[in-house]
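Colleague: So here's my_file_3.txt, just compact mmCIF, C-alpha atoms:
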```
# COMPACT_ATOMS: atom_id res chain seq x y z
CA MET A 69 128.03 129.18 124.26
CA ASN A 70 124.48 130.55 124.46
CA ILE A 71 121.56 129.89 122.13
CA ASP A 72 118.35 131.79 122.87
CA ALA A 73 115.60 129.76 124.51
CA ILE A 74 112.73 129.10 122.13
CA GLN A 75 109.14 130.11 122.85
CA ASN A 76 107.29 127.77 120.50
CA GLY A 77 109.14 124.92 118.88
CA ILE A 78 110.95 121.64 119.13
CA VAL A 79 114.20 120.65 120.81
CA ILE A 80 115.73 117.36 119.73
CA ASP A 81 118.03 116.42 122.57
CA HIS A 82 120.40 113.57 123.42
CA ILE A 83 121.51 113.13 119.81
CA THR A 84 124.62 110.99 119.57
CA ALA A 85 127.52 113.39 119.06
CA GLY A 86 128.26 113.72 115.35
CA ARG A 87 124.79 112.73 114.12
CA GLY A 88 123.20 116.18 114.35
CA MET A 89 123.96 117.17 110.75
CA LYS A 90 122.74 113.82 109.41
CA LEU A 91 119.42 114.23 111.20
CA TYR A 92 119.19 117.84 109.99
CA GLU A 93 119.42 116.58 106.42
CA LEU A 94 117.15 113.53 106.81
CA LEU A 95 114.45 115.57 108.54
CA GLY A 96 114.55 118.10 105.71
CA LEU A 97 115.17 120.99 108.10
CA GLU A 98 117.08 122.97 105.49
CA ALA A 99 113.72 123.69 103.84
CA LEU A 100 112.39 125.56 106.90
CA ASP A 101 112.22 129.35 107.02
CA CYS A 102 112.42 129.53 110.81
CA SER A 103 115.56 129.58 112.94
CA VAL A 104 117.22 126.21 113.35
CA ALA A 105 120.25 125.68 115.57
CA ILE A 106 122.49 122.65 115.45
CA ILE A 107 124.63 122.55 118.54
CA LYS A 108 127.45 120.06 118.35
CA ASN A 109 129.48 118.41 121.07
CA VAL A 110 127.48 119.78 123.99
CA HIS A 111 128.72 118.55 127.36
CA SER A 112 126.62 115.65 128.67
CA GLU A 113 126.85 114.12 132.13
CA LYS A 114 125.82 110.69 130.86
CA ARG A 115 127.50 110.47 127.45
CA GLY A 116 130.37 112.93 127.65
CA LYS A 117 129.04 114.88 124.67
CA LYS A 118 125.93 115.08 122.54
CA ASP A 119 124.33 117.09 119.74
CA ILE A 120 121.14 119.15 120.05
CA ILE A 121 118.85 120.59 117.38
CA LYS A 122 116.58 123.51 118.23
CA ILE A 123 113.77 124.40 115.82
CA ASP A 124 112.00 127.68 116.38
CA ALA A 125 108.62 126.44 115.11
CA ASP A 126 106.19 123.76 116.24
CA ILE A 127 106.51 121.54 113.19
CA PRO A 128 105.73 117.81 112.83
CA VAL A 129 108.95 115.82 113.15
CA ASP A 130 109.32 112.41 111.48
CA LEU A 131 109.84 110.31 114.60
CA ASP A 132 110.52 107.19 112.49
CA VAL A 133 113.56 108.85 110.96
CA LEU A 134 114.78 109.87 114.40
CA GLY A 135 114.25 106.44 115.89
CA TYR A 136 115.96 104.71 112.99
CA VAL A 137 119.01 106.96 112.80
CA ASP A 138 119.52 107.57 116.50
CA PRO A 139 117.27 105.64 118.90
CA GLY A 140 117.32 107.18 122.37
CA VAL A 141 116.97 110.83 121.30
CA SER A 142 114.42 113.02 123.08
CA VAL A 143 111.92 115.28 121.38
CA ASN A 144 110.80 118.15 123.57
CA THR A 145 107.86 120.30 122.54
CA ILE A 146 107.83 123.87 123.88
CA ARG A 147 104.82 126.16 123.82
CA ASN A 148 104.81 129.70 125.22
CA GLY A 149 108.24 129.02 126.65
CA VAL A 150 107.02 126.03 128.64
CA LEU A 151 108.02 122.39 128.09
CA VAL A 152 104.68 120.69 127.37
CA GLU A 153 105.84 117.30 126.15
CA LYS A 154 109.03 115.22 126.36
CA ARG A 155 109.25 112.02 124.32
CA ARG A 156 112.05 109.53 124.25
CA ILE A 157 112.22 107.99 120.78
CA GLU A 158 112.86 104.27 120.41
CA MET A 159 113.56 102.24 117.31
CA PRO A 160 110.29 102.11 115.35
CA GLY A 161 108.78 98.72 114.57
CA THR A 162 108.01 99.82 111.02
CA LEU A 163 109.67 102.29 108.67
CA THR A 164 107.65 103.64 105.77
CA ASN A 165 109.49 105.48 102.99
CA VAL A 166 112.41 106.22 105.30
CA ILE A 167 114.82 103.78 103.68
CA PHE A 168 114.42 102.15 100.29
CA CYS A 169 114.79 98.57 99.11
CA LYS A 170 117.65 98.11 96.68
CA ASN A 171 116.88 94.50 95.71
CA PRO A 172 116.24 94.55 91.94
CA ARG A 173 114.14 91.39 92.32
CA CYS A 174 111.78 93.04 94.82
CA ILE A 175 108.29 94.12 93.75
CA CYS A 176 109.27 97.58 95.11
CA SER A 177 111.44 98.04 92.04
CA THR A 178 108.50 97.95 89.61
CA GLU A 179 105.19 98.49 91.39
CA GLN A 180 103.73 101.97 90.90
CA GLU A 181 103.80 104.16 94.02
CA LEU A 182 104.33 101.21 96.34
CA LYS A 183 105.46 102.40 99.76
CA HIS A 184 108.83 101.05 100.82
CA VAL A 185 108.16 99.40 104.16
CA PHE A 186 110.79 97.89 106.44
CA LYS A 187 110.09 95.88 109.59
CA LEU A 188 112.33 95.68 112.63
CA THR A 189 113.16 91.96 112.84
CA ASP A 190 116.03 92.03 115.32
CA ARG A 191 115.96 94.87 117.85
CA LYS A 192 119.21 93.85 119.54
CA ASN A 193 121.20 94.05 116.32
CA LYS A 194 119.04 96.80 114.79
CA VAL A 195 118.10 94.72 111.75
CA TYR A 196 115.36 95.97 109.46
CA ARG A 197 114.06 93.86 106.58
CA CYS A 198 111.98 94.81 103.57
CA LEU A 199 108.35 93.84 104.15
CA TYR A 200 108.05 92.41 100.64
CA CYS A 201 111.32 90.58 99.88
CA GLU A 202 112.85 90.42 103.40
CA THR A 203 116.14 91.85 102.17
CA LYS A 204 118.15 93.33 105.02
CA ALA A 205 118.51 97.11 105.06
CA ASN A 206 122.11 98.29 104.78
CA MET B 269 91.11 88.36 105.23
CA ARG B 270 93.32 85.33 105.59
CA HIS B 271 96.03 84.67 102.96
CA LEU B 272 98.99 82.33 102.60
CA ILE B 273 102.08 84.31 101.65
CA ASP B 274 104.75 82.73 103.87
CA ILE B 275 104.68 79.24 105.40
CA LEU B 276 104.93 80.91 108.83
CA ASP B 277 101.50 82.44 108.21
CA LEU B 278 100.25 79.02 109.30
CA SER B 279 100.74 77.71 112.83
CA VAL B 280 102.02 74.18 113.45
CA GLU B 281 98.47 73.27 114.54
CA GLU B 282 96.95 74.68 111.36
CA ILE B 283 99.43 72.75 109.22
CA ALA B 284 98.48 69.58 111.12
CA GLU B 285 94.80 70.32 110.45
CA LEU B 286 95.48 70.81 106.74
CA MET B 287 97.29 67.47 106.68
CA ASP B 288 94.36 65.79 108.40
CA VAL B 289 91.98 67.23 105.80
CA ALA B 290 94.34 66.22 102.96
CA SER B 291 94.48 62.67 104.36
CA ASP B 292 90.70 62.60 104.57
CA ILE B 293 90.46 63.75 100.94
CA ILE B 294 92.71 60.83 99.97
CA GLU B 295 90.50 58.41 101.89
CA ASN B 296 87.14 59.92 100.89
CA PRO B 297 87.52 61.86 97.64
CA GLY B 298 83.81 61.62 96.90
CA SER B 299 82.96 63.65 100.00
CA TYR B 300 84.85 66.62 98.58
CA SER B 301 83.97 66.43 94.88
CA GLU B 302 81.32 69.17 95.17
CA ALA B 303 82.82 71.09 98.10
CA CYS B 304 83.68 74.16 95.97
CA ARG B 305 80.79 73.97 93.55
CA GLY B 306 80.20 77.35 91.91
CA LYS B 307 83.46 78.81 93.25
CA LYS B 308 86.25 80.16 91.06
CA LEU B 309 90.00 79.97 91.54
CA ALA B 310 92.01 82.57 89.60
CA THR B 311 95.47 81.31 88.71
CA LEU B 312 97.54 84.43 88.03
CA PHE B 313 100.86 83.17 86.74
CA PHE B 314 103.12 86.04 85.72
CA GLU B 315 105.89 83.57 84.95
CA PRO B 316 105.50 80.07 83.54
CA SER B 317 105.15 77.19 85.96
CA THR B 318 103.13 74.44 84.42
CA ARG B 319 103.53 72.10 87.36
CA THR B 320 102.33 74.38 90.15
CA ARG B 321 99.58 75.89 88.02
CA LEU B 322 98.23 72.50 86.99
CA SER B 323 98.38 71.32 90.59
CA PHE B 324 96.22 74.27 91.70
CA GLU B 325 93.86 73.79 88.77
CA ALA B 326 93.53 70.05 89.38
CA ALA B 327 92.94 70.76 93.08
CA MET B 328 90.10 73.18 92.31
CA TYR B 329 88.52 70.89 89.71
CA GLU B 330 88.59 67.96 92.16
CA LEU B 331 86.74 70.16 94.64
CA GLY B 332 84.04 70.77 92.02
CA GLY B 333 85.07 74.38 91.40
CA HIS B 334 86.07 76.37 88.32
CA VAL B 335 89.35 77.93 87.24
CA ILE B 336 90.09 81.18 85.39
CA GLY B 337 93.42 82.88 84.84
CA PHE B 338 96.52 83.20 82.72
CA SER B 339 99.79 81.33 82.53
CA GLU B 340 102.26 84.05 81.52
CA ALA B 341 102.57 87.80 81.94
CA GLN B 342 102.31 88.36 78.19
CA SER B 343 98.68 87.27 78.22
CA SER B 344 97.78 89.50 81.19
CA SER B 345 97.32 93.22 81.65
CA ALA B 346 100.78 93.31 83.20
CA SER B 347 102.11 93.47 79.64
CA LYS B 348 100.21 96.78 79.35
CA GLY B 349 101.82 98.02 82.54
CA GLU B 350 99.08 97.25 85.06
CA SER B 351 100.25 97.13 88.66
CA VAL B 352 99.93 94.02 90.83
CA ALA B 353 97.69 96.01 93.18
CA ASP B 354 95.26 96.88 90.38
CA THR B 355 95.29 93.31 89.06
CA ALA B 356 94.38 92.02 92.52
CA LYS B 357 91.50 94.50 92.84
CA VAL B 358 90.15 93.59 89.41
CA ILE B 359 90.41 89.83 89.86
CA SER B 360 88.68 90.13 93.25
CA CYS B 361 85.57 91.08 91.25
CA TYR B 362 85.72 87.87 89.22
CA ALA B 363 86.94 85.07 91.48
CA ASP B 364 86.65 83.68 95.02
CA ILE B 365 90.35 82.96 95.61
CA ILE B 366 93.67 83.74 93.89
CA ALA B 367 96.79 81.64 93.41
CA MET B 368 99.59 83.93 92.22
CA ARG B 369 103.05 83.27 90.87
CA HIS B 370 105.21 86.28 90.08
CA PRO B 371 108.91 86.76 89.30
CA LYS B 372 109.18 89.70 91.71
CA GLU B 373 109.67 88.93 95.39
CA GLY B 374 106.79 90.17 97.52
CA ALA B 375 104.30 90.52 94.64
CA PRO B 376 101.75 88.13 96.22
CA LEU B 377 101.92 90.15 99.44
CA VAL B 378 101.11 93.30 97.48
CA ALA B 379 98.21 91.40 95.89
CA ALA B 380 97.00 90.27 99.33
CA MET B 381 97.13 93.86 100.61
CA ASN B 382 94.82 94.94 97.81
CA ALA B 383 92.55 91.95 97.15
CA SER B 384 89.19 91.39 98.82
CA ILE B 385 89.52 87.61 98.41
CA PRO B 386 92.17 85.20 99.78
CA VAL B 387 95.53 85.15 98.00
CA ILE B 388 97.83 82.13 97.92
CA ASN B 389 101.48 82.69 97.06
CA ALA B 390 102.32 80.14 94.37
CA GLY B 391 105.95 81.28 94.25
CA ASP B 392 107.50 84.77 94.19
CA GLY B 393 110.88 84.75 92.51
CA GLY B 394 113.53 83.24 94.72
CA HIS B 395 111.64 84.18 97.87
CA ASN B 396 108.74 82.01 99.12
CA HIS B 397 106.80 79.03 97.84
CA PRO B 398 104.67 77.98 100.81
CA THR B 399 102.46 75.42 99.05
CA GLN B 400 105.56 73.52 97.95
CA THR B 401 106.55 73.45 101.61
CA LEU B 402 103.10 72.13 102.51
CA ALA B 403 103.63 69.35 99.94
CA ASP B 404 107.07 68.60 101.40
CA LEU B 405 105.79 68.48 104.99
CA PHE B 406 102.84 66.27 104.08
CA THR B 407 105.11 63.89 102.16
CA ILE B 408 107.41 63.58 105.17
CA ARG B 409 104.49 62.93 107.50
CA ARG B 410 102.97 60.35 105.14
CA GLU B 411 106.30 58.57 104.74
CA LYS B 412 107.63 58.82 108.29
CA GLY B 413 104.46 59.22 110.30
CA ARG B 414 105.90 62.28 112.03
CA LEU B 415 107.61 65.62 111.49
CA ASP B 416 109.80 65.57 114.59
CA HIS B 417 113.00 63.74 115.54
CA LEU B 418 114.35 63.42 112.02
CA THR B 419 117.73 63.89 110.38
CA VAL B 420 117.07 65.83 107.18
CA GLY B 421 119.67 66.15 104.44
CA LEU B 422 119.28 68.99 101.95
CA CYS B 423 121.41 68.70 98.84
CA GLY B 424 122.26 70.90 95.85
CA ASP B 425 121.47 74.57 95.54
CA LEU B 426 120.96 75.67 99.12
CA LYS B 427 121.75 79.31 98.32
CA PHE B 428 119.04 80.22 95.81
CA GLY B 429 116.70 77.30 96.53
CA ARG B 430 113.65 78.93 98.05
CA THR B 431 112.05 75.54 98.72
CA VAL B 432 115.03 74.70 100.93
CA HIS B 433 114.78 77.92 102.96
CA SER B 434 111.04 77.51 103.44
CA LEU B 435 111.36 73.85 104.39
CA ILE B 436 114.08 74.54 106.97
CA THR B 437 112.01 77.38 108.42
CA ALA B 438 108.90 75.20 108.59
CA LEU B 439 110.67 72.18 110.09
CA SER B 440 112.48 74.32 112.64
CA ARG B 441 109.22 74.50 114.60
CA TYR B 442 109.25 70.76 115.31
CA GLU B 443 111.30 69.07 118.02
CA GLY B 444 114.40 66.95 117.59
CA LEU B 445 115.30 67.99 114.04
CA ARG B 446 118.86 67.84 112.74
CA PHE B 447 119.97 69.16 109.36
CA VAL B 448 122.79 68.03 107.07
CA LEU B 449 123.44 70.76 104.50
CA ILE B 450 125.14 69.29 101.42
CA SER B 451 126.23 71.73 98.71
CA PRO B 452 129.20 73.10 96.77
CA GLU B 453 130.93 76.01 98.50
CA GLU B 454 129.34 78.54 96.14
CA LEU B 455 125.79 77.36 96.86
CA LYS B 456 125.86 77.07 100.64
CA LEU B 457 122.87 77.98 102.75
CA PRO B 458 122.84 81.80 103.26
CA SER B 459 124.25 82.85 106.61
CA TYR B 460 121.06 84.71 107.57
CA VAL B 461 119.06 81.46 107.41
CA LYS B 462 121.64 79.75 109.60
CA LYS B 463 121.72 82.65 112.04
CA GLU B 464 118.05 83.56 112.21
CA VAL B 465 116.55 80.07 111.98
CA LEU B 466 119.01 77.36 112.96
CA LYS B 467 121.29 79.11 115.46
CA ALA B 468 118.45 81.20 116.89
CA ARG B 469 116.58 78.02 117.81
CA ASP B 470 119.62 75.97 118.73
CA ILE B 471 118.95 73.44 115.99
CA PRO B 472 121.95 71.21 115.24
CA TYR B 473 123.31 71.20 111.68
CA VAL B 474 126.42 70.30 109.75
CA GLN B 475 127.61 71.71 106.43
CA THR B 476 129.42 69.42 104.05
CA THR B 477 130.25 68.93 100.39
CA ASP B 478 130.11 65.13 100.76
CA LEU B 479 126.83 63.57 99.64
CA GLU B 480 127.80 59.89 99.83
CA GLY B 481 129.38 60.19 103.25
CA SER B 482 126.27 61.86 104.62
CA LEU B 483 123.70 59.40 103.28
CA PRO B 484 123.87 56.66 105.98
CA GLU B 485 122.61 59.00 108.74
CA LEU B 486 119.68 60.52 106.85
CA ASP B 487 115.95 59.89 107.35
CA ILE B 488 115.11 62.34 104.56
CA LEU B 489 117.16 63.41 101.55
CA TYR B 490 115.78 66.54 99.89
CA MET B 491 117.43 66.97 96.49
CA THR B 492 117.25 70.25 94.57
CA ARG B 493 117.98 71.43 91.08
CA VAL B 494 120.53 74.13 90.33
CA GLN B 495 118.21 76.65 88.70
CA ARG B 496 119.40 78.44 85.60
CA GLU B 497 116.93 81.30 86.14
CA ARG B 498 118.49 82.26 89.48
CA PHE B 499 121.91 82.98 87.96
CA PHE B 500 122.91 86.27 86.35
CA ASN B 501 126.00 84.56 84.96
CA GLU B 502 125.65 81.58 82.59
CA GLU B 503 129.23 80.45 83.27
CA ASP B 504 128.52 80.01 86.98
CA TYR B 505 125.40 78.01 86.19
CA LEU B 506 127.21 75.66 83.80
CA ARG B 507 130.04 75.12 86.29
CA LEU B 508 127.73 74.20 89.17
CA LYS B 509 124.74 72.49 87.58
CA ASP B 510 126.15 68.97 87.76
CA SER B 511 127.57 69.25 91.29
CA TYR B 512 125.49 66.43 92.75
CA ILE B 513 123.88 63.59 90.87
CA LEU B 514 122.18 60.86 92.87
CA THR B 515 122.72 57.42 91.32
CA LYS B 516 121.92 53.84 92.36
CA ASP B 517 125.57 53.34 93.16
CA ARG B 518 125.69 56.38 95.46
CA LEU B 519 122.61 55.13 97.30
CA ARG B 520 124.46 51.93 98.28
CA ASP B 521 125.12 53.03 101.86
CA ALA B 522 121.83 54.83 102.40
CA ARG B 523 119.30 53.48 104.86
CA GLU B 524 116.49 51.22 103.75
CA ASP B 525 113.92 53.60 105.18
CA LEU B 526 115.40 56.74 103.60
CA SER B 527 112.84 58.95 101.83
CA ILE B 528 114.09 60.87 98.80
CA LEU B 529 112.22 64.07 98.03
CA HIS B 530 112.63 66.61 95.23
CA PRO B 531 110.44 69.65 94.49
CA LEU B 532 110.76 68.89 90.73
CA PRO B 533 111.31 69.53 87.91
CA ARG B 534 114.36 67.30 87.85
CA VAL B 535 117.06 67.91 85.28
CA ASN B 536 119.67 65.25 85.91
CA GLU B 537 120.34 65.42 89.65
CA ILE B 538 118.49 62.16 90.32
CA SER B 539 119.16 59.23 88.00
CA VAL B 540 116.01 57.87 86.33
CA ALA B 541 117.11 54.44 87.55
CA ILE B 542 116.17 55.50 91.10
CA ASP B 543 112.54 56.20 90.19
CA ASP B 544 111.58 52.56 90.84
CA ASP B 545 113.41 52.45 94.17
CA PRO B 546 110.88 52.33 97.05
CA ARG B 547 112.83 55.17 98.69
CA ALA B 548 111.98 57.57 95.83
CA CYS B 549 109.05 59.74 96.97
CA TYR B 550 109.19 62.67 94.56
CA PHE B 551 106.26 61.66 92.37
CA LYS B 552 104.14 60.90 95.44
CA GLN B 553 105.18 64.35 96.64
CA VAL B 554 103.51 65.87 93.56
CA LEU B 555 100.29 64.06 94.37
CA TYR B 556 100.44 65.05 98.02
CA GLY B 557 100.97 68.65 96.93
CA LYS B 558 97.66 68.61 95.10
CA TYR B 559 95.84 67.27 98.17
CA MET B 560 97.39 69.91 100.40
CA ARG B 561 96.36 72.63 97.93
CA MET B 562 92.81 71.24 98.04
CA ALA B 563 92.85 71.39 101.85
CA LEU B 564 94.27 74.93 101.74
CA ILE B 565 91.69 76.21 99.23
CA LEU B 566 88.93 74.79 101.45
CA LYS B 567 90.37 76.39 104.59
CA LEU B 568 90.85 79.85 103.09
CA LEU B 569 87.45 79.90 101.38
CA LYS B 570 85.77 78.83 104.61
CA GLU B 571 87.60 81.48 106.65
CA ALA B 572 86.65 84.11 104.07
CA GLY B 573 83.00 83.11 104.45
CA ARG B 574 82.79 81.99 100.85
CA LEU B 575 81.87 78.36 101.61
```
If you took the structure in this file and wrote it as structure tokens, what would it be?
Modeller:
Amino acid sequence: MNIDAIQNGIVIDHITAGRGMKLYELLGLEALDCSVAIIKNVHSEKRGKKDIIKIDADIPVDLDVLGYVDPGVSVNTIRNGVLVEKRRIEMPGTLTNVIFCKNPRCICSTEQELKHVFKLTDRKNKVYRCLYCETKAN
Amino acid sequence: MRHLIDILDLSVEEIAELMDVASDIIENPGSYSEACRGKKLATLFFEPSTRTRLSFEAAMYELGGHVIGFSEAQSSSASKGESVADTAKVISCYADIIAMRHPKEGAPLVAAMNASIPVINAGDGGHNHPTQTLADLFTIRREKGRLDHLTVGLCGDLKFGRTVHSLITALSRYEGLRFVLISPEELKLPSYVKKEVLKARDIPYVQTTDLEGSLPELDILYMTRVQRERFFNEEDYLRLKDSYILTKDRLRDAREDLSILHPLPRVNEISVAIDDDPRACYFKQVLYGKYMRMALILKLLKEAGRL
């Protein structure tokens, strides 16, 4: 299967197979006017298979969302057909307005325009806790 | 700006320094009676807590300072819908330091993020209550002369009891501690506290429902009240509120040098007959709490450059 190479844009590579659509939704890519390709179950030497997203525009990508949903993905930036940057995305230490605290006793539930902030408290087990009430993210 | 939101905001060394200052205040109260002259403490109590509020107010008055504030949300701008962030910004224009109690967890942190003066968490819902923990630690050190190598029994509501969680977290930083967790099945210590504090640091503990059988091995017995306000369901509260009541008879096998602590208020979980027992420390604990709050106010005002 062939997808045209992009001249200026972003390639999100090494997505865990099956998570491509979820990332597409969380990154809000459906709102873009440019071409976006989600390629599922691509053969991978290391993992067996993976997903890839190609975005035919050099847009800012929310790396926190990527790192939270699928740590280990790569974000490749292409300009004039040349790979200019390749970043491997790890779990972010802090998530701001990516996930939301559901504890009704948390100040988040009442305070006007308070950002929902979660801190990574246990990298090994991928545990994030609300900055304010320390409730564990589901 | 330095604040106290969580007991872990203070290092073990800083807690020891606060205790040294508190001890010095006890020995030389006259040396501190004008220490905060001209300074104002704002007590922002969005839910009633007479005991903690009066402790802060007494602490500031004994340091020669002044107190402004409110004792319930109805008499604050919160009743008009003002945010915690805005309240903190406004009060920063009036006072030198804030002590805040709020029913919502994390509210004092939001205040600290927006205030230009130090903020002390005086209790945020069922979450943190670090100055109670300072009172507990100081009481243990005054009674035992140390904070390490102790067997500490915690009894009652270990699930919702924020003082219990904070005390375990604070004590976990000292060597040779062992915990005996005494509670009904429904009010056991949450698994995350066991996993992230006790197991993570290899601290020995046992869980039991047996108070009397546990007493002979304890250096400290920390009793707690089953709090009505932490239950959504009145039936559950009524069923569990009388789970453990400490009586003279039950104390029969306890050690002579046991120290009994309680964050107060007491409902009926400690018999009044025990109040005269030399092992009862809970009223001394109240006094020690005031001295630790004095030491804390001094420290935070000094670090903020306001003294």
Colleague: With only C-alpha atoms as the basis for distance, which of B:Arg507, B:Arg534, B:Lys463, B:Arg547 is at the shortest distance from chain A?
Modeller: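 Ranking B:Arg507, B:Arg534, B:Lys463, B:Arg547 by distance to chain A, first place goes to B:Lys463.
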Colleague: I need the contact residues of chain B against chain A, so if you could list those with any atom within 6 Å, counting only C-alpha atoms, and return them as a count of residues only, that would help.
Modeller: 5
Colleague: Mind giving me the straight-line distance from atom CA of B:Arg523 to atom CA of B:Ser451 in Å, one decimal?
Modeller: 20.5 Å
Colleague: One decimal, in Å: what's the spacing between atom CA of A:Leu91 and atom CA of A:Lys192?
Modeller: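 Taking atom CA of A:Leu91 and atom CA of A:Lys192, their separation equals 22.0 Å.
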Colleague: Hey, which of B:Gly394, B:Gly444, B:Pro452, B:Gly332 ends up closest to B:Asp470? Count only C-alpha atoms.
Modeller: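 Counting only C-alpha atoms, the residue closest to B:Asp470 is B:Gly444.
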